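Note: the block below is input-v9.cif and it holds mmCIF, C-alpha atoms.
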```cif
data_data
loop_
_atom_site.label_atom_id
_atom_site.label_comp_id
_atom_site.auth_asym_id
_atom_site.auth_seq_id
_atom_site.Cartn_x
_atom_site.Cartn_y
_atom_site.Cartn_z
CA MET D 1 0.00 0.00 0.00
CA GLY D 2 2.70 2.48 1.03
CA ALA D 3 4.76 1.86 -2.09
CA TRP D 4 1.73 2.49 -4.32
CA LEU D 5 1.04 5.80 -2.60
CA TYR D 6 4.64 6.93 -3.18
CA ALA D 7 4.44 5.79 -6.79
CA ALA D 8 1.22 7.81 -7.19
CA PHE D 9 2.89 10.93 -5.75
CA GLY D 10 5.84 10.40 -8.11
CA THR D 11 3.50 9.95 -11.07
CA ALA D 12 1.59 13.15 -10.31
CA PHE D 13 4.87 15.05 -9.83
CA GLY D 14 6.29 13.59 -13.05
CA TRP D 15 3.17 14.51 -15.00
CA VAL D 16 3.35 18.15 -13.85
CA LEU D 17 7.09 18.36 -14.64
CA SER D 18 6.39 16.92 -18.09
CA ARG D 19 3.51 19.26 -18.96
CA SER D 20 4.90 22.46 -17.47
CA GLY D 21 8.23 22.77 -19.28
CA ALA D 22 10.31 21.84 -16.22
CA ALA D 23 11.42 18.69 -18.06
CA ASP D 24 11.98 20.45 -21.39
CA TYR D 25 15.46 21.36 -22.69
CA ASP D 26 14.30 24.58 -24.37
CA PHE D 27 12.47 25.86 -21.29
CA VAL D 28 15.47 25.15 -19.06
CA GLN D 29 17.78 27.06 -21.44
CA GLY D 30 15.14 29.81 -21.68
CA MET D 31 15.33 30.16 -17.90
CA PHE D 32 19.13 30.25 -17.69
CA LEU D 33 19.42 32.62 -20.71
CA PHE D 34 16.71 34.96 -19.29
CA LYS D 35 14.53 34.41 -22.37
CA ASN D 36 11.56 32.72 -20.69
CA PHE D 37 9.93 33.41 -17.32
CA GLN D 38 8.05 30.06 -17.14
CA LEU D 39 10.38 28.10 -14.84
CA TYR D 40 11.10 31.06 -12.56
CA GLY D 41 7.32 31.40 -12.20
CA ILE D 42 6.90 27.71 -11.42
CA ILE D 43 9.65 27.54 -8.78
CA GLY D 44 8.59 30.84 -7.23
CA CYS D 45 4.95 29.83 -7.12
CA ALA D 46 5.78 26.38 -5.68
CA VAL D 47 7.73 28.07 -2.86
CA ALA D 48 4.95 30.63 -2.33
CA VAL D 49 2.52 27.74 -1.73
CA THR D 50 4.88 25.41 0.15
CA ALA D 51 6.35 27.95 2.60
CA PRO D 52 3.10 29.00 4.33
CA GLY D 53 1.71 25.44 4.11
CA LEU D 54 4.85 24.06 5.73
CA TRP D 55 4.74 26.73 8.44
CA TRP D 56 1.15 25.77 9.21
CA LEU D 57 1.82 21.99 9.14
CA LYS D 58 4.76 22.36 11.52
CA ARG D 59 2.65 24.51 13.84
CA HIS D 60 -0.10 21.88 13.69
CA GLY D 61 2.61 19.26 14.34
CA ARG D 62 0.73 16.18 13.13
CA THR D 63 0.51 14.13 9.95
CA ALA D 64 -2.80 12.94 8.49
CA SER D 65 -2.61 9.77 10.61
CA GLY D 66 -1.90 11.74 13.80
CA ALA D 67 1.80 10.89 14.04
CA ALA D 68 4.30 13.58 15.07
CA LEU D 69 5.43 15.56 12.03
CA VAL D 70 9.18 15.25 11.37
CA VAL D 71 10.99 17.85 9.27
CA LYS D 72 14.75 17.44 9.50
CA PRO D 73 16.72 20.42 8.11
CA LYS D 74 19.62 19.60 5.80
CA PRO D 75 23.16 19.98 7.23
CA ARG D 76 24.94 23.19 6.25
CA HIS D 77 28.56 23.01 5.03
CA PRO D 78 30.72 24.43 2.21
CA GLY D 79 29.73 21.44 0.05
CA ASN D 80 26.25 22.99 -0.33
CA ILE D 81 27.82 25.71 -2.48
CA VAL D 82 30.61 23.72 -4.19
CA GLY D 83 28.22 20.87 -5.02
CA GLY D 84 25.53 23.36 -6.02
CA VAL D 85 27.87 24.94 -8.57
CA LEU D 86 28.71 21.49 -10.03
CA PHE D 87 25.04 20.57 -10.18
CA GLY D 88 24.15 23.88 -11.89
CA ILE D 89 26.73 23.17 -14.60
CA GLY D 90 25.20 19.72 -15.14
CA TRP D 91 21.64 21.10 -15.16
CA SER D 92 22.63 23.56 -17.90
CA ILE D 93 24.52 20.95 -19.99
CA THR D 94 21.68 18.42 -19.96
CA GLY D 95 18.68 20.69 -19.52
CA MET D 96 17.59 18.32 -16.77
CA CYS D 97 17.65 18.29 -12.99
CA PRO D 98 17.31 14.92 -11.20
CA GLY D 99 13.50 14.56 -11.45
CA PRO D 100 13.23 15.49 -15.13
CA ILE D 101 15.93 12.95 -16.07
CA LEU D 102 13.41 10.21 -15.25
CA VAL D 103 10.46 12.17 -16.65
CA ASN D 104 12.28 12.71 -19.96
CA LEU D 105 13.13 9.03 -20.11
CA GLY D 106 9.48 8.15 -19.52
CA GLU D 107 8.44 10.53 -22.29
CA GLY D 108 10.71 8.61 -24.67
CA LYS D 109 13.58 11.13 -24.98
CA LEU D 110 16.39 8.67 -25.65
CA TYR D 111 19.25 11.07 -24.87
CA ALA D 112 18.05 11.05 -21.24
CA LEU D 113 19.64 7.59 -21.00
CA GLY D 114 23.04 9.33 -21.21
CA ALA D 115 22.06 11.73 -18.41
CA LEU D 116 20.78 8.87 -16.24
CA ALA D 117 23.97 6.85 -16.71
CA GLY D 118 26.11 9.92 -15.98
CA THR D 119 24.14 10.85 -12.87
CA LEU D 120 24.37 7.34 -11.43
CA ALA D 121 28.10 7.22 -12.22
CA GLY D 122 28.62 10.66 -10.64
CA ALA D 123 26.72 9.70 -7.49
CA ALA D 124 28.60 6.38 -7.26
CA LEU D 125 31.95 8.17 -7.66
CA PHE D 126 30.99 10.63 -4.91
CA GLY D 127 30.05 7.78 -2.56
CA VAL D 128 33.24 5.82 -3.21
CA LEU D 129 35.40 8.93 -2.65
CA TYR D 130 33.41 10.17 0.36
CA GLU D 131 36.01 9.49 3.04
CA ARG D 132 38.78 11.12 1.00
CA PHE D 133 37.31 14.59 0.52
CA PRO D 134 39.30 17.52 1.96
CA SER D 135 38.32 18.53 5.49
CA TRP D 136 37.49 22.14 4.53
CA LEU D 137 34.32 20.86 2.85
CA ARG D 138 33.15 19.75 6.34
CA LEU D 139 30.86 17.08 4.91
CA PRO D 140 28.78 15.27 7.57
CA ALA D 141 30.53 12.36 9.31
CA LEU D 142 29.66 8.99 7.83
CA LYS D 143 27.32 6.88 9.92
CA VAL D 144 26.93 3.40 8.55
CA GLY D 145 23.65 1.92 9.66
CA THR D 146 21.94 -1.39 9.65
CA GLY D 147 18.95 -0.39 7.59
CA GLN D 148 16.68 -0.58 10.62
CA ARG D 149 15.07 2.61 11.81
CA MET E 1 5.79 24.94 -27.00
CA LEU E 2 7.21 21.81 -25.45
CA ILE E 3 9.54 19.51 -27.40
CA LEU E 4 7.13 16.69 -26.47
CA HIS E 5 4.44 16.62 -29.20
CA HIS E 6 4.67 20.45 -29.43
CA LEU E 7 2.24 20.73 -26.54
CA GLN E 8 1.29 24.05 -25.02
CA PRO E 9 2.60 23.96 -21.40
CA TYR E 10 0.47 24.68 -18.33
CA HIS E 11 0.50 28.23 -17.05
CA TRP E 12 3.38 28.61 -14.55
CA ALA E 13 0.99 29.48 -11.73
CA VAL E 14 -0.99 26.25 -12.27
CA ALA E 15 2.18 24.13 -12.34
CA GLY E 16 3.68 25.94 -9.34
CA VAL E 17 0.57 25.50 -7.20
CA ALA E 18 0.38 21.82 -8.21
CA ILE E 19 3.99 21.21 -7.20
CA GLY E 20 3.46 23.01 -3.90
CA ALA E 21 0.31 20.97 -3.24
CA ILE E 22 2.08 17.67 -4.00
CA THR E 23 4.98 18.66 -1.70
CA LEU E 24 2.63 19.48 1.19
CA LEU E 25 0.43 16.40 0.66
CA LEU E 26 3.49 14.13 0.60
CA LEU E 27 4.62 15.56 3.94
CA TRP E 28 1.16 15.58 5.51
CA THR E 29 0.17 12.03 4.51
CA THR E 30 3.52 10.20 4.67
CA ASN E 31 5.83 12.39 6.82
CA GLN E 32 8.38 12.49 3.99
CA ARG E 33 10.36 15.54 2.99
CA LEU E 34 10.28 16.03 -0.80
CA GLY E 35 13.66 15.24 -2.37
CA ILE E 36 14.59 13.46 -5.56
CA SER E 37 18.37 13.40 -5.93
CA THR E 38 18.94 11.28 -2.80
CA GLY E 39 16.98 8.55 -4.62
CA TYR E 40 19.94 8.15 -6.98
CA GLU E 41 21.98 7.08 -3.94
CA ASN E 42 19.34 4.46 -3.21
CA LEU E 43 19.75 3.20 -6.80
CA CYS E 44 23.57 3.19 -6.41
CA GLY E 45 23.21 1.37 -3.10
CA LEU E 46 21.58 -1.57 -4.88
CA VAL E 47 24.89 -2.37 -6.60
CA VAL E 48 27.73 -0.28 -5.10
CA LYS E 49 28.85 -1.55 -1.71
CA ALA E 50 30.81 1.50 -0.45
CA PRO E 51 30.06 2.38 3.21
CA TYR E 52 28.51 5.68 2.04
CA PHE E 53 25.65 3.73 0.44
CA ARG E 54 25.13 1.59 3.56
CA ARG E 55 23.98 4.52 5.70
CA SER E 56 20.70 3.83 7.43
CA GLU E 57 19.15 6.92 5.84
CA ILE E 58 19.67 5.24 2.47
CA ARG E 59 18.87 1.62 3.30
CA GLY E 60 15.91 2.74 5.39
CA SER E 61 14.41 4.89 2.62
CA ASN E 62 14.37 2.43 -0.31
CA GLY E 63 10.73 1.75 0.48
CA TRP E 64 9.60 5.25 -0.42
CA ARG E 65 12.30 6.73 -2.65
CA LEU E 66 12.42 3.90 -5.20
CA PRO E 67 8.65 3.82 -5.89
CA PHE E 68 8.67 7.63 -6.01
CA LEU E 69 11.39 7.57 -8.70
CA GLY E 70 9.44 4.89 -10.56
CA GLY E 71 6.41 7.19 -10.45
CA LEU E 72 8.38 10.01 -12.09
CA LEU E 73 9.21 7.67 -14.96
CA LEU E 74 5.57 6.60 -15.22
CA GLY E 75 4.33 10.21 -15.08
CA GLY E 76 6.50 11.07 -18.09
CA PHE E 77 5.33 7.98 -19.93
CA LEU E 78 1.63 8.71 -19.32
CA SER E 79 2.12 12.33 -20.32
CA ALA E 80 3.51 11.23 -23.69
CA ALA E 81 1.12 8.29 -24.18
CA LEU E 82 -1.98 10.42 -23.53
CA SER E 83 -0.94 13.32 -25.77
CA GLY E 84 -0.15 11.80 -29.15
CA GLY E 85 1.39 8.50 -28.18
CA PHE E 86 4.62 7.12 -26.77
CA ALA E 87 7.27 6.97 -29.49
CA PRO E 88 10.96 7.27 -28.48
CA PHE E 89 12.78 10.20 -30.12
CA TRP E 90 16.01 12.22 -30.14
CA ASP E 91 14.68 15.80 -30.68
CA LEU E 92 16.57 18.27 -28.50
CA GLY E 93 15.09 21.64 -29.50
CA MET E 94 17.57 24.50 -29.73
CA PHE E 95 20.53 22.16 -29.20
CA ASP E 96 19.65 20.57 -32.56
CA ARG E 97 19.33 23.94 -34.27
CA VAL E 98 22.64 25.27 -32.95
CA PHE E 99 24.86 22.17 -32.78
CA GLY E 100 23.10 19.47 -34.83
CA TRP E 101 24.89 16.56 -33.15
CA ASP E 102 23.99 12.93 -33.91
CA PRO E 103 22.55 10.58 -31.24
CA ALA E 104 25.98 9.30 -30.14
CA GLY E 105 27.18 12.87 -29.60
CA LYS E 106 24.05 13.74 -27.61
CA LEU E 107 24.45 10.67 -25.40
CA ALA E 108 28.07 11.58 -24.67
CA TRP E 109 27.15 15.24 -23.94
CA MET E 110 24.34 14.12 -21.62
CA PHE E 111 26.62 11.61 -19.87
CA VAL E 112 29.14 14.34 -19.08
CA GLY E 113 26.38 16.61 -17.78
CA GLY E 114 25.00 13.74 -15.74
CA LEU E 115 28.36 13.25 -14.00
CA PHE E 116 28.15 16.86 -12.79
CA ILE E 117 24.53 16.34 -11.66
CA GLY E 118 25.20 13.11 -9.76
CA PHE E 119 28.42 14.27 -8.11
CA GLY E 120 27.21 17.83 -7.48
CA THR E 121 23.81 17.04 -5.98
CA ARG E 122 25.36 14.50 -3.62
CA MET E 123 27.95 16.97 -2.43
CA ALA E 124 25.32 19.72 -2.12
CA GLY E 125 22.98 17.36 -0.28
CA GLY E 126 20.02 18.09 -2.53
CA CYS E 127 18.73 19.43 -5.83
CA THR E 128 15.95 21.65 -7.15
CA SER E 129 13.31 19.78 -5.15
CA GLY E 130 14.97 19.13 -1.78
CA HIS E 131 16.92 22.41 -1.58
CA GLY E 132 15.17 24.69 -4.09
CA ILE E 133 11.57 24.00 -3.16
CA PHE E 134 11.44 22.27 0.23
CA GLY E 135 14.57 23.69 1.87
CA VAL E 136 13.95 27.26 0.73
CA SER E 137 10.29 27.01 1.81
CA ASN E 138 11.56 25.80 5.20
CA LEU E 139 13.94 28.80 5.36
CA GLU E 140 17.08 26.62 5.64
CA ARG E 141 20.34 28.50 5.10
CA ALA E 142 22.04 25.51 3.44
CA SER E 143 19.23 25.45 0.88
CA PHE E 144 19.33 29.19 0.15
CA GLU E 145 23.10 28.97 -0.44
CA SER E 146 22.90 25.84 -2.58
CA THR E 147 20.00 27.17 -4.65
CA LEU E 148 21.80 30.45 -5.35
CA ALA E 149 24.91 28.43 -6.31
CA PHE E 150 23.18 26.10 -8.78
CA MET E 151 21.06 28.84 -10.35
CA ALA E 152 24.11 31.08 -10.83
CA ALA E 153 26.21 28.22 -12.24
CA GLY E 154 23.40 27.25 -14.64
CA ILE E 155 23.05 30.85 -15.86
CA VAL E 156 26.80 31.19 -16.49
CA THR E 157 27.10 27.76 -18.17
CA SER E 158 24.17 28.29 -20.54
CA HIS E 159 25.57 31.67 -21.55
CA LEU E 160 28.96 30.03 -22.21
CA ILE E 161 27.28 27.32 -24.33
CA TYR E 162 24.96 29.59 -26.31
CA GLY E 163 26.99 32.79 -26.31
CA PHE E 164 26.41 36.06 -24.53
CA GLY E 165 25.17 37.76 -27.68
CA GLY E 166 21.88 35.92 -27.62
CA ILE E 167 20.43 33.21 -29.83
#
```

This structure in structure tokens:
Amino acid sequence: MGAWLYAAFGTAFGWVLSRSGAADYDFVQGMFLFKNFQLYGIIGCAVAVTAPGLWWLKRHGRTASGAALVVKPKPRHPGNIVGGVLFGIGWSITGMCPGPILVNLGEGKLYALGALAGTLAGAALFGVLYERFPSWLRLPALKVGTGQR
Amino acid sequence: MLILHHLQPYHWAVAGVAIGAITLLLLWTTNQRLGISTGYENLCGLVVKAPYFRRSEIRGSNGWRLPFLGGLLLGGFLSAALSGGFAPFWDLGMFDRVFGWDPAGKLAWMFVGGLFIGFGTRMAGGCTSGHGIFGVSNLERASFESTLAFMAAGIVTSHLIYGFGGI
């Protein structure tokens, strides 16, 4: 049941990315080249809806089932900026951020296979090198778990 | 117009509200913070055995991140199938008009870009969804800094690729 719900959320998200231009090479370049407002409008509007909703949900403090709401902030370190710059370069080269890679593949855009392979290889390389990064990046200490939560 | 079947895209306000609504519903019903790029670590963790991929936050999240990623794929497929049919293609819009590369060249170009995406999002700890939408909405400093960094880098890179004169 849970897996189907997550798949449904992913499907709805993927549909919107597909039909809005967020998973479209020309719209992404239009954003970065200041030729098209569309994606700035989408991101801005998504934040304008999410920010007050999130504030209210956290104040309410409960999920739909009554469990305590958990929102864990992401750790802050110089890697946020260094990694962000690298990601921005990749987003511009491919015209895809991580969600649209899969959306484009689903739409049948065959070149997205190259982006998917590259992204997996890049993430794998990062994971293998994790313990060798310079200390000034101050990446979070590695905690290897059992898979049980 | 979209590259996909030359569709007219949704108005940005409609798409933005929909994305915000999905983000809030996901949190409210399942207690999960929206984020896509971490899911690529879950995929890596299925085959790569480095300690980084054995963290409990990865092994413990396969159950939601993997079906969510599968849904993104399905959403794209349904979008194509219900708007003129699913038929794989290589069209790449303005890239075709300016560079005109063949499929092998496009795959190589995309692979290189993908390396930056995979490595960069993992170092940054998030992407457009986890930092740009959720983190910024949650007023997290790490997310503001990362979002400014990837937007600025994208703007500079696209201008380097397509020229500052304007195409």

Can you translate the PyMOL selection byres ((chain D and resi 107-115) around 9) into the concrete residues it hits in this file, as a ChimeraX atom specification?
/D:18,94,96,100-106,116-120 /E:4,73-81,86-92,103-104,106-115,117

Please produce, as a tab-separated table, a per-residue contact table for region 71-131 of chain E versus region 12-32 of chain E (criterion: any atom at most 12 Å away, all atoms listed in the file considered), showing the nearest atom pair and its distance in Å to one decimal, sorted by chain then residue number.
```
residue	atom	partner	partner_atom	distance
E:Thr128	CA	E:Ile19	CA	12.0
E:Ser129	CA	E:Thr23	CA	9.1
E:Gly130	CA	E:Thr23	CA	10.0
```

Could you expand the PyMOL selection byres ((chain E and resi 39) around 10) into the explicit residues it covers here, written as a list in words?
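Selection result, ordered by chain and number: Pro98 and Gly99 of chain D; Gly35, Ile36, Ser37, Thr38, Tyr40, Glu41, Asn42, Leu43, Cys44, Gly45, Ile58, Ser61, Asn62, Trp64, Arg65, Leu66, Pro67, Phe68 and Leu69 of chain E.
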
Nearest-residue call for chain E, choices D:Lys58, D:Lys143, D:Arg132, D:Arg138, using all atoms listed in the file
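Once distances to chain E are computed over all atoms listed in the file, the minimum belongs to D:Lys143.
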
Identify all residues satisfying the PyMOL selection byres ((chain E and resi 3) around 9) in the given file; provide them as a list in words.
Gly21, Asp24, Tyr25 and Asp26 of chain D; Met1, Leu2, Leu4, His5, His6, Leu7, Asp91, Leu92 and Gly93 of chain E

Report as a PyMOL selection string all protein, DNA and RNA residues lying within 9 Å of Ala149 (chain E), evaluated on all atoms listed in the file, omitting residues in the same chain fewer than 3 positions from it.
(chain D and resi 80-88) or (chain E and resi 144-146+152-154)

In Å, with one decimal, what is the gap from CA of Ala48 (chain D) to CA of Gly126 (chain E)?
19.6 Å

Using only C-alpha atoms, which residues sit within 9 Å of Phe27 (chain D) once same-chain residues fewer than 5 positions away are excluded, as a list in words?
Gly21, Ala22, Phe32, Lys35, Asn36, Phe37, Gln38, Leu39 and Gly95 of chain D; Met1 and Leu2 of chain E

Quick one, how far is CA of Gly66 (chain D) from CA of Gly135 (chain E)?
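Interatomic distance here is 23.6 Å.
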
What is the distance between CA of Leu82 (chain E) and CA of Arg97 (chain E), in Å to one decimal?
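Answer for the CA of Leu82 (chain E) to CA of Arg97 (chain E) separation: 27.4 Å.
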
Please determine the residues with any atom at most 8 Å from (32.0, 11.4, 4.7) (coordinates as given in the file, with all atoms listed in the file counting) and report them as number ranges by chain.
D: 130-133, 139-142; E: 52

Missing atoms in region 16-32 of chain E need filling: write out N, CA, C and O atoms for it as an mmCIF file, in the coordinates of the input.
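part-v4.cif, written as the output of this step:
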```
data_model
loop_
_atom_site.group_PDB
_atom_site.id
_atom_site.type_symbol
_atom_site.label_atom_id
_atom_site.label_comp_id
_atom_site.auth_asym_id
_atom_site.auth_seq_id
_atom_site.Cartn_x
_atom_site.Cartn_y
_atom_site.Cartn_z
ATOM 1 N N GLY E 16 3.062 25.626 -10.622
ATOM 2 C CA GLY E 16 3.680 25.940 -9.340
ATOM 3 C C GLY E 16 2.795 25.549 -8.171
ATOM 4 O O GLY E 16 3.256 24.952 -7.186
ATOM 5 N N VAL E 17 1.502 25.871 -8.275
ATOM 6 C CA VAL E 17 0.570 25.500 -7.200
ATOM 7 C C VAL E 17 0.477 23.978 -7.098
ATOM 8 O O VAL E 17 0.461 23.416 -5.988
ATOM 9 N N ALA E 18 0.461 23.291 -8.230
ATOM 10 C CA ALA E 18 0.380 21.820 -8.210
ATOM 11 C C ALA E 18 1.600 21.218 -7.524
ATOM 12 O O ALA E 18 1.471 20.302 -6.701
ATOM 13 N N ILE E 19 2.772 21.744 -7.831
ATOM 14 C CA ILE E 19 3.990 21.210 -7.200
ATOM 15 C C ILE E 19 3.988 21.489 -5.702
ATOM 16 O O ILE E 19 4.333 20.622 -4.889
ATOM 17 N N GLY E 20 3.557 22.690 -5.321
ATOM 18 C CA GLY E 20 3.460 23.010 -3.900
ATOM 19 C C GLY E 20 2.471 22.085 -3.189
ATOM 20 O O GLY E 20 2.735 21.592 -2.088
ATOM 21 N N ALA E 21 1.335 21.835 -3.843
ATOM 22 C CA ALA E 21 0.310 20.970 -3.240
ATOM 23 C C ALA E 21 0.829 19.545 -3.075
ATOM 24 O O ALA E 21 0.609 18.903 -2.040
ATOM 25 N N ILE E 22 1.536 19.032 -4.091
ATOM 26 C CA ILE E 22 2.080 17.670 -4.000
ATOM 27 C C ILE E 22 3.110 17.596 -2.866
ATOM 28 O O ILE E 22 3.127 16.639 -2.077
ATOM 29 N N THR E 23 3.956 18.626 -2.760
ATOM 30 C CA THR E 23 4.980 18.660 -1.700
ATOM 31 C C THR E 23 4.332 18.610 -0.313
ATOM 32 O O THR E 23 4.759 17.847 0.559
ATOM 33 N N LEU E 24 3.286 19.422 -0.121
ATOM 34 C CA LEU E 24 2.630 19.480 1.190
ATOM 35 C C LEU E 24 1.853 18.191 1.481
ATOM 36 O O LEU E 24 1.864 17.686 2.604
ATOM 37 N N LEU E 25 1.178 17.649 0.458
ATOM 38 C CA LEU E 25 0.430 16.400 0.660
ATOM 39 C C LEU E 25 1.347 15.237 0.992
ATOM 40 O O LEU E 25 1.029 14.397 1.836
ATOM 41 N N LEU E 26 2.515 15.188 0.317
ATOM 42 C CA LEU E 26 3.490 14.130 0.600
ATOM 43 C C LEU E 26 3.933 14.193 2.060
ATOM 44 O O LEU E 26 3.987 13.168 2.751
ATOM 45 N N LEU E 27 4.199 15.408 2.538
ATOM 46 C CA LEU E 27 4.620 15.560 3.940
ATOM 47 C C LEU E 27 3.473 15.218 4.893
ATOM 48 O O LEU E 27 3.660 14.496 5.875
ATOM 49 N N TRP E 28 2.296 15.735 4.585
ATOM 50 C CA TRP E 28 1.160 15.580 5.510
ATOM 51 C C TRP E 28 0.710 14.118 5.610
ATOM 52 O O TRP E 28 0.386 13.622 6.681
ATOM 53 N N THR E 29 0.681 13.402 4.474
ATOM 54 C CA THR E 29 0.170 12.030 4.510
ATOM 55 C C THR E 29 1.237 10.999 4.850
ATOM 56 O O THR E 29 0.933 9.962 5.434
ATOM 57 N N THR E 30 2.519 11.258 4.491
ATOM 58 C CA THR E 30 3.520 10.200 4.670
ATOM 59 C C THR E 30 4.702 10.628 5.542
ATOM 60 O O THR E 30 5.594 9.821 5.791
ATOM 61 N N ASN E 31 4.733 11.906 5.965
ATOM 62 C CA ASN E 31 5.830 12.390 6.820
ATOM 63 C C ASN E 31 7.168 12.396 6.079
ATOM 64 O O ASN E 31 8.215 12.314 6.710
ATOM 65 N N GLN E 32 7.130 12.475 4.745
ATOM 66 C CA GLN E 32 8.380 12.490 3.990
ATOM 67 C C GLN E 32 8.647 13.875 3.429
ATOM 68 O O GLN E 32 7.752 14.521 2.914
#
```
